[in-house]
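Next comes target-v1.cif, with mmCIF, C-alpha atoms.
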data_structure
loop_
_atom_site.label_atom_id
_atom_site.label_comp_id
_atom_site.auth_asym_id
_atom_site.auth_seq_id
_atom_site.Cartn_x
_atom_site.Cartn_y
_atom_site.Cartn_z
CA MET G 1 0.00 0.00 0.00
CA LYS G 2 1.24 3.49 -0.86
CA ALA G 3 2.17 5.68 2.11
CA LEU G 4 -0.56 8.27 1.36
CA ASP G 5 -3.22 5.57 0.99
CA GLN G 6 -2.21 4.13 4.35
CA THR G 7 -2.42 7.59 5.94
CA ILE G 8 -5.93 8.05 4.49
CA LEU G 9 -7.01 4.62 5.71
CA ILE G 10 -5.72 5.23 9.24
CA ASP G 11 -7.22 8.72 9.33
CA ARG G 12 -10.65 7.44 8.33
CA TYR G 13 -10.35 4.62 10.89
CA LEU G 14 -9.32 6.93 13.76
CA SER G 15 -11.98 9.53 12.98
CA GLY G 16 -14.70 6.87 12.85
CA GLU G 17 -15.43 7.54 9.16
CA ALA G 18 -14.18 4.16 7.92
CA SER G 19 -16.53 1.85 6.03
CA PRO G 20 -16.96 -1.76 7.28
CA GLU G 21 -14.52 -2.91 4.56
CA GLU G 22 -11.93 -0.35 5.62
CA LYS G 23 -12.33 -1.41 9.27
CA LEU G 24 -11.73 -5.02 8.26
CA GLN G 25 -8.68 -3.98 6.28
CA VAL G 26 -7.20 -2.18 9.32
CA GLU G 27 -7.91 -5.13 11.59
CA ARG G 28 -6.29 -7.45 9.05
CA LEU G 29 -3.18 -5.25 8.85
CA LEU G 30 -2.95 -5.36 12.63
CA SER G 31 -3.50 -9.05 13.21
CA ASP G 32 -3.47 -11.13 10.02
CA PRO G 33 -1.40 -14.28 10.74
CA GLU G 34 -0.31 -14.31 7.08
CA LEU G 35 1.49 -11.01 7.48
CA SER G 36 4.94 -10.93 9.02
CA LEU G 37 5.36 -9.65 12.59
CA ASP G 38 7.49 -6.80 11.30
CA ASP G 39 4.78 -5.63 8.88
CA LYS G 40 2.13 -5.73 11.60
CA GLU G 41 4.37 -3.88 14.05
CA ALA G 42 5.21 -1.27 11.39
CA PHE G 43 1.50 -0.68 10.71
CA ARG G 44 0.73 -0.46 14.46
CA GLN G 45 3.52 2.07 14.95
CA ASP G 46 2.33 4.08 11.96
CA MET G 47 -1.16 4.18 13.41
CA GLU G 48 0.12 5.19 16.84
CA LEU G 49 2.20 7.97 15.31
CA GLN G 50 -0.80 9.29 13.40
CA GLU G 51 -2.84 9.27 16.61
CA ASP G 52 -0.03 11.15 18.38
CA ILE G 53 -0.03 13.76 15.60
CA ILE G 54 -3.77 14.27 16.12
CA ILE G 55 -3.24 14.57 19.88
CA ALA G 56 -0.35 17.02 19.40
CA ILE G 57 -2.47 19.24 17.12
CA GLN G 58 -5.39 19.13 19.55
CA GLU G 59 -3.02 19.85 22.44
CA ARG G 60 -1.94 23.06 20.66
CA GLY G 61 -5.58 24.07 20.33
CA LEU G 62 -6.25 23.23 23.97
CA ARG G 63 -3.23 25.21 25.18
CA LYS G 64 -4.29 28.26 23.16
CA MET G 65 -7.83 27.95 24.51
CA LEU G 66 -6.60 27.78 28.12
CA GLN G 67 -4.26 30.73 27.54
CA ARG G 68 -7.20 32.76 26.21
CA GLU G 69 -9.27 31.73 29.24
CA GLU G 70 -6.41 32.74 31.54
CA GLU G 71 -6.20 36.15 29.85
CA ARG G 72 -9.95 36.56 30.26
CA LEU G 73 -9.79 35.71 33.96
CA ARG G 74 -6.88 38.08 34.52
CA ALA G 75 -8.65 40.88 32.63
CA GLU G 76 -11.73 40.26 34.76
CA SER G 77 -9.75 40.54 37.96
CA ASN G 78 -8.16 43.75 36.63
CA ASP G 79 -11.66 45.18 36.16
CA ASP G 80 -11.93 45.21 39.94
CA GLN G 81 -9.25 47.90 40.16
CA PRO G 82 -10.58 51.31 41.13
CA PRO G 83 -11.61 53.29 38.01
CA ILE G 84 -9.66 56.29 39.27
CA ARG G 85 -6.52 54.79 37.75
CA THR G 86 -7.99 54.65 34.28
CA ALA G 87 -9.24 58.18 34.74
CA VAL G 88 -5.80 59.52 35.56
CA ARG G 89 -3.77 57.45 33.10
CA PRO G 90 -5.00 59.12 29.86
CA LYS G 91 -4.42 62.50 31.42
CA VAL G 92 -0.83 61.60 32.23
CA ALA G 93 -0.34 60.17 28.75
CA ALA G 94 -1.70 63.35 27.21
CA ALA G 95 0.44 65.42 29.54
CA SER G 96 3.59 63.74 28.32
CA ARG G 97 3.03 65.19 24.87
CA GLY G 98 0.83 68.24 25.64
CA PRO G 99 1.41 71.69 27.13
CA LEU G 100 2.33 72.44 30.71
CA TRP G 101 -1.24 73.07 31.97
CA LEU G 102 -2.10 69.47 31.14
CA ILE G 103 0.75 68.27 33.35
CA ARG G 104 -0.56 70.54 36.10
CA SER G 105 -4.11 69.23 35.73
CA ALA G 106 -2.87 65.65 35.76
CA ALA G 107 -0.90 66.39 38.91
CA THR G 108 -3.97 68.05 40.47
CA ILE G 109 -6.08 64.98 39.72
CA ALA G 110 -3.39 62.71 41.14
CA ILE G 111 -3.15 64.75 44.36
CA ALA G 112 -6.96 64.88 44.63
CA ALA G 113 -7.09 61.12 44.12
CA CYS G 114 -4.50 60.58 46.85
CA MET G 115 -6.50 62.76 49.23
CA ALA G 116 -9.77 61.09 48.25
CA GLY G 117 -8.36 57.75 49.34
CA PRO G 118 -8.30 58.28 53.09
CA ILE G 119 -11.09 60.89 53.18
CA VAL G 120 -13.76 59.36 50.94
CA ILE G 121 -12.87 55.80 50.02
CA ALA G 122 -11.49 54.39 53.26
CA PRO G 123 -14.67 54.99 55.34
CA GLN G 124 -16.75 53.44 52.55
CA VAL G 125 -14.51 50.38 52.46
CA SER G 126 -14.75 49.94 56.25
CA ARG G 127 -18.55 50.30 56.12
CA MET G 128 -18.66 47.74 53.31
CA ILE G 129 -16.54 45.31 55.35
CA ALA G 130 -18.96 45.78 58.26
CA ILE G 131 -21.85 44.86 55.94
CA SER G 132 -19.94 41.87 54.60
CA ASN G 133 -19.70 40.48 58.14
CA ASN G 134 -23.48 40.54 58.49
CA SER G 135 -24.16 36.86 57.93
CA GLU G 136 -27.94 37.34 58.36
CA LEU G 137 -28.08 39.40 55.20
CA TYR G 138 -26.46 36.64 53.15
CA SER G 139 -28.41 33.74 54.55
CA ALA G 140 -31.64 35.73 54.10
CA ALA G 141 -30.75 36.61 50.52
CA THR G 142 -29.73 33.10 49.51
CA PHE G 143 -32.79 31.63 51.23
CA GLU G 144 -35.03 34.08 49.46
CA MET G 145 -33.51 33.21 46.11
CA THR G 146 -33.97 29.47 46.50
CA ASP G 147 -36.48 28.07 49.00
CA ALA G 148 -38.99 30.88 49.15
CA TYR G 149 -38.57 31.89 45.55
CA SER G 150 -41.86 30.67 44.21
CA GLN G 151 -43.97 32.28 46.93
CA LEU G 152 -42.14 35.57 46.62
CA LYS G 153 -42.27 35.81 42.87
CA GLY G 154 -45.27 33.73 42.05
CA CYS G 155 -43.38 32.09 39.26
CA ASP G 156 -41.48 28.93 38.41
CA GLU G 157 -38.38 27.48 40.01
CA PRO G 158 -35.30 29.71 40.19
CA SER G 159 -32.78 29.24 37.42
CA ASP G 160 -30.00 26.67 37.69
CA ALA G 161 -27.38 29.40 37.85
CA ILE G 162 -29.11 30.97 40.88
CA ILE G 163 -29.34 27.61 42.67
CA ALA G 164 -25.68 26.85 41.97
CA ALA G 165 -24.52 30.38 42.89
CA THR G 166 -26.49 30.50 46.16
CA ALA G 167 -25.12 27.06 47.07
CA LEU G 168 -21.59 28.36 46.47
CA MET G 169 -22.37 31.50 48.48
CA GLN G 170 -23.66 29.41 51.36
CA SER G 171 -20.42 27.45 51.32
CA GLY G 172 -18.44 30.72 51.34
CA ASP G 173 -17.06 30.45 47.80
CA TYR G 174 -18.04 33.94 46.68
CA LYS G 175 -15.48 34.17 43.90
CA GLN G 176 -16.74 31.06 42.17
CA ALA G 177 -20.35 32.13 42.73
CA ASP G 178 -19.57 35.45 41.09
CA ALA G 179 -17.94 33.72 38.09
CA LEU G 180 -21.06 31.59 37.69
CA LEU G 181 -23.33 34.65 37.88
CA VAL G 182 -21.23 36.52 35.31
CA ASP G 183 -21.50 33.53 33.01
CA ALA G 184 -25.27 33.39 33.45
CA LEU G 185 -25.63 37.14 32.85
CA ASN G 186 -23.48 36.93 29.72
CA GLY G 187 -25.71 34.16 28.44
CA MET G 188 -28.89 36.21 28.88
CA PRO G 189 -30.38 38.02 25.93
CA GLU G 190 -31.13 41.75 26.16
CA VAL G 191 -34.20 42.16 28.38
CA THR G 192 -36.50 45.04 29.25
CA ASN G 193 -38.91 45.39 32.17
CA ALA G 194 -41.67 44.27 29.81
CA ASP G 195 -40.05 40.82 29.76
CA GLY G 196 -41.38 39.94 33.22
CA GLN G 197 -39.62 36.85 34.53
CA ALA G 198 -36.41 37.32 32.52
CA TRP G 199 -36.13 40.90 33.79
CA SER G 200 -36.69 39.77 37.35
CA GLU G 201 -34.14 36.97 36.95
CA LYS G 202 -31.57 39.45 35.68
CA GLU G 203 -32.23 41.58 38.75
CA ASP G 204 -31.70 38.53 41.00
CA LEU G 205 -28.42 37.72 39.28
CA LEU G 206 -27.19 41.31 39.62
CA TYR G 207 -28.25 41.50 43.27
CA LEU G 208 -26.45 38.25 44.08
CA ARG G 209 -23.37 39.55 42.25
CA ALA G 210 -23.52 42.72 44.35
CA LEU G 211 -23.64 40.61 47.54
CA CYS G 212 -20.65 38.57 46.32
CA ALA G 213 -18.77 41.80 45.55
CA ILE G 214 -19.46 43.14 49.08
CA LYS G 215 -18.26 39.88 50.59
CA GLN G 216 -15.09 40.09 48.50
CA HIS G 217 -14.65 43.74 49.57
CA LYS G 218 -14.86 45.05 46.01
CA LEU G 219 -16.09 48.59 46.66
CA TYR G 220 -16.48 49.89 43.12
CA ARG G 221 -17.98 46.73 41.74
CA SER G 222 -20.52 46.45 44.55
CA ARG G 223 -21.56 50.08 44.18
CA ARG G 224 -21.94 49.74 40.43
CA LEU G 225 -24.02 46.58 40.74
CA LEU G 226 -26.20 47.97 43.53
CA ASN G 227 -26.84 51.09 41.45
CA GLU G 228 -27.86 48.88 38.57
CA VAL G 229 -30.29 46.94 40.80
CA VAL G 230 -31.79 50.22 42.06
CA ARG G 231 -32.20 51.43 38.47
CA MET G 232 -34.00 48.19 37.56
CA ASP G 233 -36.64 49.14 40.13
CA GLY G 234 -37.61 45.56 40.95
CA LEU G 235 -38.03 43.41 44.04
CA HIS G 236 -34.55 44.10 45.45
CA ARG G 237 -34.64 47.85 44.82
CA ASP G 238 -35.17 48.86 48.48
CA GLN G 239 -32.57 46.44 49.86
CA ALA G 240 -30.05 47.58 47.23
CA ALA G 241 -30.76 51.25 47.92
CA GLU G 242 -30.34 50.69 51.66
CA LEU G 243 -27.06 48.86 51.19
CA LEU G 244 -25.83 51.59 48.86
CA HIS G 245 -26.77 54.28 51.36
CA THR G 246 -25.04 52.37 54.18
CA ILE G 247 -21.85 52.01 52.15
CA LYS G 248 -21.82 55.67 51.14
CA HIS G 249 -23.01 57.41 54.28
CA GLY G 250 -23.28 54.85 57.08
CA ARG G 251 -26.51 54.02 58.88
CA MET Q 1 -27.71 28.03 28.59
CA GLN Q 2 -28.17 28.22 32.36
CA THR Q 3 -28.71 24.49 32.59
CA ALA Q 4 -25.51 24.00 30.60
CA THR Q 5 -23.68 26.43 32.91
CA ARG Q 6 -24.75 24.52 36.00
CA LYS Q 7 -23.97 21.19 34.37
CA VAL Q 8 -20.37 21.98 33.45
CA TYR Q 9 -19.66 23.30 36.95
CA GLN Q 10 -21.30 20.38 38.74
CA MET Q 11 -20.10 17.43 36.67
CA THR Q 12 -18.77 14.30 38.33
CA ASP Q 13 -15.14 13.20 37.87
CA GLN Q 14 -16.31 10.50 35.44
CA GLU Q 15 -18.22 13.07 33.41
CA TYR Q 16 -15.19 15.36 33.32
CA ILE Q 17 -13.03 12.48 32.07
CA ALA Q 18 -15.53 11.77 29.29
CA ALA Q 19 -15.63 15.49 28.47
CA PHE Q 20 -11.81 15.68 28.31
CA ARG Q 21 -11.74 12.62 26.05
CA SER Q 22 -14.26 14.12 23.64
CA ASN Q 23 -12.60 17.58 23.76
CA ASP Q 24 -15.69 19.26 25.20
CA GLN Q 25 -14.23 22.76 25.28
CA ARG Q 26 -16.92 24.20 27.56
CA ALA Q 27 -16.48 21.50 30.19
CA ILE Q 28 -12.67 21.71 30.04
CA THR Q 29 -12.84 25.49 30.53
CA ALA Q 30 -15.23 25.03 33.47
CA PHE Q 31 -12.85 22.48 35.03
CA TYR Q 32 -9.99 24.93 34.50
CA ASP Q 33 -11.89 27.77 36.20
CA LEU Q 34 -13.09 25.57 39.08
CA HIS Q 35 -9.67 24.45 40.28
CA ARG Q 36 -7.51 27.43 39.26
CA GLU Q 37 -7.42 29.39 42.51
CA ALA Q 38 -7.13 26.40 44.85
CA PHE Q 39 -4.45 24.79 42.67
CA CYS Q 40 -2.30 27.92 42.51
CA LYS Q 41 -2.65 28.52 46.26
CA GLN Q 42 -1.74 24.94 47.15
CA ILE Q 43 1.14 24.49 44.70
CA GLY Q 44 2.39 28.01 45.46
CA ALA Q 45 2.43 27.23 49.19
CA LEU Q 46 4.08 23.83 48.66
CA PHE Q 47 6.94 25.19 46.56
CA ARG Q 48 6.99 28.64 48.19
CA VAL Q 49 6.34 30.33 44.84
CA LEU Q 50 4.62 33.68 45.17
CA ASP Q 51 4.64 34.76 41.53
CA MET Q 52 1.05 34.16 40.44
CA ASP Q 53 1.89 34.51 36.74
CA SER Q 54 4.29 31.53 36.93
CA LEU Q 55 1.73 29.54 38.90
CA TYR Q 56 -0.97 30.18 36.29
CA ASP Q 57 1.47 29.09 33.55
CA VAL Q 58 2.18 25.88 35.50
CA TYR Q 59 -1.56 25.36 35.87
CA ILE Q 60 -2.11 25.61 32.09
CA VAL Q 61 0.61 22.99 31.48
CA THR Q 62 -0.87 20.78 34.23
CA VAL Q 63 -4.41 20.80 32.82
CA THR Q 64 -2.98 20.12 29.35
CA ARG Q 65 -1.01 17.15 30.69
CA LEU Q 66 -4.04 15.78 32.51
CA TRP Q 67 -5.90 15.99 29.18
CA GLU Q 68 -3.04 14.09 27.47
CA PHE Q 69 -3.25 11.24 30.00
CA ILE Q 70 -6.99 11.00 29.44
CA ARG Q 71 -6.73 11.28 25.63
CA LYS Q 72 -4.09 8.52 25.53
CA GLY Q 73 -6.34 6.29 27.62
CA LYS Q 74 -3.87 6.17 30.52
CA LEU Q 75 -6.37 7.74 32.91
CA THR Q 76 -9.89 6.43 32.47
CA GLU Q 77 -13.00 6.22 34.61
CA GLN Q 78 -11.85 2.72 35.61
CA HIS Q 79 -8.38 3.94 36.63
CA LEU Q 80 -9.75 6.51 39.06
CA VAL Q 81 -9.03 5.37 42.60
CA LYS Q 82 -8.98 8.90 44.00
CA PRO Q 83 -10.86 12.09 43.04
CA LEU Q 84 -9.77 13.71 39.77
CA PRO Q 85 -8.31 16.82 41.52
CA HIS Q 86 -5.88 14.44 43.30
CA TYR Q 87 -4.40 13.60 39.88
CA LEU Q 88 -4.43 17.27 38.92
CA TYR Q 89 -2.39 18.21 42.01
CA GLY Q 90 -0.07 15.19 41.51
CA ILE Q 91 0.67 16.21 37.93
CA GLY Q 92 0.95 19.85 39.04
CA LYS Q 93 3.66 18.99 41.56
CA HIS Q 94 5.70 17.33 38.83
CA VAL Q 95 5.20 20.17 36.37
CA MET Q 96 6.31 22.63 39.06
CA GLN Q 97 9.37 20.46 39.82
CA GLU Q 98 10.26 20.38 36.12
CA THR Q 99 9.88 24.16 35.89
CA LEU Q 100 12.08 24.70 38.94
CA ARG Q 101 14.69 22.22 37.73
CA LYS Q 102 15.00 24.10 34.44
CA SER Q 103 15.86 27.30 36.31
CA MET Q 104 18.46 25.66 38.59
CA VAL Q 105 22.20 25.21 38.19
CA PRO Q 106 23.23 21.53 37.67
CA GLU Q 107 24.50 21.00 41.27
CA GLU Q 108 21.26 22.22 42.78
CA ARG Q 109 19.37 20.12 40.27
CA ALA Q 110 21.19 16.95 41.29
CA GLN Q 111 20.27 17.49 44.93
CA MET Q 112 16.61 18.12 44.25
CA TYR Q 113 14.33 15.39 45.50
CA ARG Q 114 12.28 13.98 42.72
CA ILE Q 115 9.47 11.45 42.63
CA GLU Q 116 8.64 9.92 39.29
CA LEU Q 117 5.10 10.66 38.17
CA GLU Q 118 4.54 7.04 37.26
CA GLU Q 119 5.30 5.84 40.81
CA ASP Q 120 3.42 8.70 42.40
CA LEU Q 121 0.13 8.47 40.52
CA ARG Q 122 0.40 4.98 39.04
CA ILE Q 123 -0.13 6.27 35.51
CA ASP Q 124 1.70 4.78 32.54
CA THR Q 125 3.92 7.57 31.17
CA SER Q 126 5.77 5.54 28.52
CA PHE Q 127 4.09 7.49 25.70
CA VAL Q 128 5.36 10.90 26.86
CA ALA Q 129 8.77 10.88 25.12
CA GLN Q 130 7.36 10.07 21.67
CA LEU Q 131 4.50 12.54 22.09
CA GLU Q 132 7.00 15.28 23.01
CA ARG Q 133 8.93 14.56 19.78
CA VAL Q 134 5.73 14.73 17.76
CA LYS Q 135 4.73 17.98 19.49
CA ARG Q 136 8.05 19.58 18.57
CA VAL Q 137 7.43 18.84 14.88
CA VAL Q 138 3.77 19.87 15.02
CA ASN Q 139 4.69 23.16 16.70
CA GLN Q 140 6.88 24.04 13.73
CA MET Q 141 4.14 23.45 11.17
CA GLY Q 142 2.95 26.55 9.31
CA GLU Q 143 0.61 27.36 6.41
CA PRO Q 144 -1.37 25.68 4.96
CA CYS Q 145 -1.34 22.74 7.40
CA GLU Q 146 -1.58 24.57 10.73
CA PRO Q 147 -4.94 26.35 10.22
CA LEU Q 148 -6.44 23.46 8.28
CA LEU Q 149 -5.60 20.75 10.82
CA THR Q 150 -6.44 22.94 13.83
CA LEU Q 151 -9.86 23.86 12.46
CA TYR Q 152 -10.63 20.25 11.63
CA LEU Q 153 -9.17 18.44 14.63
CA TRP Q 154 -9.64 20.95 17.45
CA GLU Q 155 -12.42 23.30 16.38
CA LYS Q 156 -14.28 20.32 14.86
CA GLN Q 157 -15.49 22.44 11.94
CA PRO Q 158 -17.02 20.62 8.97
CA MET Q 159 -14.83 20.36 5.88
CA ASP Q 160 -17.12 22.47 3.67
CA ILE Q 161 -16.92 25.38 6.14
CA ILE Q 162 -13.15 24.99 6.41
CA ALA Q 163 -12.89 24.94 2.61
CA PHE Q 164 -14.94 28.14 2.41
CA ASN Q 165 -12.97 29.93 5.15
CA LEU Q 166 -9.54 28.89 3.87
CA ASP Q 167 -10.32 29.44 0.18
CA TYR Q 168 -10.23 25.83 -1.03
CA LYS Q 169 -12.21 24.90 -4.14
CA ASN Q 170 -14.43 22.52 -2.20
CA ALA Q 171 -14.53 20.16 0.78
CA ASP Q 172 -12.77 17.40 -1.16
CA SER Q 173 -9.76 19.55 -1.99
CA ALA Q 174 -9.51 20.63 1.65
CA LYS Q 175 -9.70 16.98 2.68
CA ALA Q 176 -6.99 16.03 0.17
CA GLN Q 177 -4.78 18.79 1.58
CA LYS Q 178 -5.45 17.49 5.11
CA TYR Q 179 -4.19 14.02 4.13
CA LYS Q 180 -1.12 15.53 2.46
CA CYS Q 181 -0.35 17.51 5.62
CA MET Q 182 -0.69 14.42 7.77
CA GLU Q 183 1.57 12.47 5.44
CA LYS Q 184 4.14 15.28 5.42
CA LEU Q 185 4.20 15.44 9.25
CA LYS Q 186 4.67 11.67 9.45
CA ARG Q 187 7.56 11.84 6.95
CA ILE Q 188 9.31 14.56 8.96
CA ILE Q 189 8.91 12.64 12.23
CA TYR Q 190 10.16 9.36 10.70
CA HIS Q 191 13.09 11.26 9.25
CA GLN Q 192 14.02 12.59 12.71
CA LEU Q 193 13.79 9.22 14.45
#
How does the structure come out when it is put into structure tokens?
Amino acid sequence: MKALDQTILIDRYLSGEASPEEKLQVERLLSDPELSLDDKEAFRQDMELQEDIIIAIQERGLRKMLQREEERLRAESNDDQPPIRTAVRPKVAAASRGPLWLIRSAATIAIAACMAGPIVIAPQVSRMIAISNNSELYSAATFEMTDAYSQLKGCDEPSDAIIAATALMQSGDYKQADALLVDALNGMPEVTNADGQAWSEKEDLLYLRALCAIKQHKLYRSRRLLNEVVRMDGLHRDQAAELLHTIKHGR
Amino acid sequence: MQTATRKVYQMTDQEYIAAFRSNDQRAITAFYDLHREAFCKQIGALFRVLDMDSLYDVYIVTVTRLWEFIRKGKLTEQHLVKPLPHYLYGIGKHVMQETLRKSMVPEERAQMYRIELEEDLRIDTSFVAQLERVKRVVNQMGEPCEPLLTLYLWEKQPMDIIAFNLDYKNADSAKAQKYKCMEKLKRIIYHQL
């Protein structure tokens, strides 16, 4: 058999596309007593090599996929950085090529940001940490989202993502719960408040994400998510508004 | 979508092995995400490595190697005597050792305690050397073989779509090119042996 024909035969066999005759031919080449041991061994090695080539190509694809996933996860964790950095950075970049007043304004922003840290941000962070230690809030929220869901909303069972996320939250794995909620939110189509259940489910997912963010002490993320829940004007509006007020101004 | 999300995060070890074997990209990614933080914390603490970037790189290699063991049939549902993460951490320890050994001077390297993966996890590793040789050749492959074989074997795209995207006349000419690429790779590897 010509080398290319053998490659085609093995490829069809390994990919499951071989016809019954081709399968028989492969089995014969592997175990026919009329063939010499060397021929059979050579065919077996050829087949193993071809399988290794397939694995090596797939391994390249897998590695690239995992590298992309790693980049995504790192970018996501970078999103948690305070937005003040991104606000100052373009100014500084512009200052490096612009006139003197731009440098001054960049410096002013930087000084203001440094002062804002202890004066504005630090009290908010400590208030958020105090909220995050309130275990009643979390058990109430996760209970509400699962067990009492149908009575509260008068609708079907909560979504799988909510069940899984609340279970993770109850076990204290807020990071994983948040990843699950992000995934579920990304998978949701665009909804409006006319969409009823989908709208309310989106609000649940955002509210749970806000609770995860508080527990992970992510000030900016929690404030952004709570604001979003308040804007949605749904079932969690009052709780979200209260939490937001407590973070910003204390009780 | 949400059912699928829950499923990939709550699969059993046996289901993950089946998903690795069939290259279920969604399930593999979910497995990767699930164990990433704990793996890096544990391996980092064990080897006193604080650089998270290196730990994430080690984690990528570890998951890839776990996939190789499963794809080669050396780790199957029947082989599992401990939970799948046990194998992940076992492989991870060896990958980390290899990484550290590469950065050491020869004297330090000689003194470093080393357990063979085969003894540690009871997995047959005899295929690794040949697969590494094949990987070296495959990693050097360029146009037209690289995109064609990746799209077909990893992305699992149908031949007619590949032919359209890569400007082949039709699915048959793309398929003929695929066989030629495979034959060429085999020739190069045989030549190097």
Using all atoms listed in the file, find each residue of chain Q with at least one atom at most 8 Å away from an atom of chain G; report its shortest atom-to-atom pair and that distance in Å (one decimal), sort the rows by chain and rising residue number, and return the result as a Markdown table.
| residue | atom | partner | partner_atom | distance |
| --- | --- | --- | --- | --- |
| Q:Met1 | CA | G:Gly187 | CA | 6.4 |
| Q:Gln2 | CA | G:Ala161 | CA | 5.7 |
| Q:Thr3 | CA | G:Asp160 | CA | 5.7 |
| Q:Thr5 | CA | G:Ala161 | CA | 6.8 |
| Q:Arg6 | CA | G:Ala161 | CA | 5.8 |
| Q:Thr29 | CA | G:Leu66 | CA | 7.1 |
| Q:Tyr32 | CA | G:Leu66 | CA | 7.8 |
| Q:Leu34 | CA | G:Gln176 | CA | 7.3 |
| Q:Tyr56 | CA | G:Glu70 | CA | 7.7 |
| Q:Ile60 | CA | G:Leu66 | CA | 6.4 |
| Q:Val61 | CA | G:Arg63 | CA | 7.7 |
| Q:Thr64 | CA | G:Arg63 | CA | 6.6 |
| Q:Glu68 | CA | G:Ile55 | CA | 7.6 |
| Q:Arg71 | CA | G:Ile55 | CA | 7.5 |
| Q:Leu131 | CA | G:Asp52 | CA | 6.0 |
| Q:Val134 | CA | G:Ile53 | CA | 6.2 |
| Q:Lys135 | CA | G:Ala56 | CA | 5.2 |
| Q:Val138 | CA | G:Ile57 | CA | 6.6 |
| Q:Asn139 | CA | G:Arg60 | CA | 7.7 |
| Q:Leu149 | CA | G:Ile57 | CA | 7.2 |
| Q:Thr150 | CA | G:Ile57 | CA | 6.3 |
| Q:Leu153 | CA | G:Gln58 | CA | 6.2 |
| Q:Trp154 | CA | G:Gln58 | CA | 5.1 |
| Q:Glu155 | CA | G:Gly61 | CA | 7.9 |
| Q:Tyr179 | CA | G:Ile8 | CA | 6.2 |
| Q:Lys180 | CA | G:Leu4 | CA | 7.4 |
| Q:Met182 | CA | G:Thr7 | CA | 7.3 |
| Q:Glu183 | CA | G:Leu4 | CA | 6.2 |
| Q:Leu185 | CA | G:Ile53 | CA | 7.8 |
| Q:Lys186 | CA | G:Gln50 | CA | 7.2 |
| task | Write out as an MDAnalysis selection string which residues come within 8 Å of range 43-48 of chain Q when counting all atoms listed in the file, dropping same-chain ones fewer than 6 positions away. | result | chainID Q and resid 55 89 92:93 96
| the PyMOL selection byres ((chain Q and resi 88) around 10) on the file shown: which residues, as a PyMOL selection string? | chain Q and resi 35+39+59+62-63+65-67+83-87+89-93
| request: Can you work out the spacing between CA of Glu15 in chain Q and CA of Arg36 in chain Q in Å, to one decimal? | output: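 So the two atoms, CA of Glu15 in chain Q and CA of Arg36 in chain Q, lie 18.8 Å apart.
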| request: Could you jot down the CA of Gln130 in chain Q to CA of Glu41 in chain G separation for me, Å, one decimal place? | output: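 It comes out at 16.2 Å.
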| task | Identify the residues within 12 Å of coordinate (-13.6, 45.0, 43.2) (same frame as the file), considering all atoms listed in the file, and give the answer as a VMD selection string. | result | chain G and resid 76 to 83 125 128 175 178 209 to 225
Take the residues from that selection and write them out as a PDB file, keeping the file's coordinate frame, keeping C-alpha atoms.
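The result, stored in part-v1.pdb:
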ATOM      1  CA  GLU G  76     -11.730  40.260  34.760  1.00  0.00           C
ATOM      2  CA  SER G  77      -9.750  40.540  37.960  1.00  0.00           C
ATOM      3  CA  ASN G  78      -8.160  43.750  36.630  1.00  0.00           C
ATOM      4  CA  ASP G  79     -11.660  45.180  36.160  1.00  0.00           C
ATOM      5  CA  ASP G  80     -11.930  45.210  39.940  1.00  0.00           C
ATOM      6  CA  GLN G  81      -9.250  47.900  40.160  1.00  0.00           C
ATOM      7  CA  PRO G  82     -10.580  51.310  41.130  1.00  0.00           C
ATOM      8  CA  PRO G  83     -11.610  53.290  38.010  1.00  0.00           C
ATOM      9  CA  VAL G 125     -14.510  50.380  52.460  1.00  0.00           C
ATOM     10  CA  MET G 128     -18.660  47.740  53.310  1.00  0.00           C
ATOM     11  CA  LYS G 175     -15.480  34.170  43.900  1.00  0.00           C
ATOM     12  CA  ASP G 178     -19.570  35.450  41.090  1.00  0.00           C
ATOM     13  CA  ARG G 209     -23.370  39.550  42.250  1.00  0.00           C
ATOM     14  CA  ALA G 210     -23.520  42.720  44.350  1.00  0.00           C
ATOM     15  CA  LEU G 211     -23.640  40.610  47.540  1.00  0.00           C
ATOM     16  CA  CYS G 212     -20.650  38.570  46.320  1.00  0.00           C
ATOM     17  CA  ALA G 213     -18.770  41.800  45.550  1.00  0.00           C
ATOM     18  CA  ILE G 214     -19.460  43.140  49.080  1.00  0.00           C
ATOM     19  CA  LYS G 215     -18.260  39.880  50.590  1.00  0.00           C
ATOM     20  CA  GLN G 216     -15.090  40.090  48.500  1.00  0.00           C
ATOM     21  CA  HIS G 217     -14.650  43.740  49.570  1.00  0.00           C
ATOM     22  CA  LYS G 218     -14.860  45.050  46.010  1.00  0.00           C
ATOM     23  CA  LEU G 219     -16.090  48.590  46.660  1.00  0.00           C
ATOM     24  CA  TYR G 220     -16.480  49.890  43.120  1.00  0.00           C
ATOM     25  CA  ARG G 221     -17.980  46.730  41.740  1.00  0.00           C
ATOM     26  CA  SER G 222     -20.520  46.450  44.550  1.00  0.00           C
ATOM     27  CA  ARG G 223     -21.560  50.080  44.180  1.00  0.00           C
ATOM     28  CA  ARG G 224     -21.940  49.740  40.430  1.00  0.00           C
ATOM     29  CA  LEU G 225     -24.020  46.580  40.740  1.00  0.00           C
TER      30      LEU G 225
END
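For the atom pair formed by CA of Tyr16 in chain Q and CA of Pro189 in chain G, the distance is 28.3 Å, given to one decimal.
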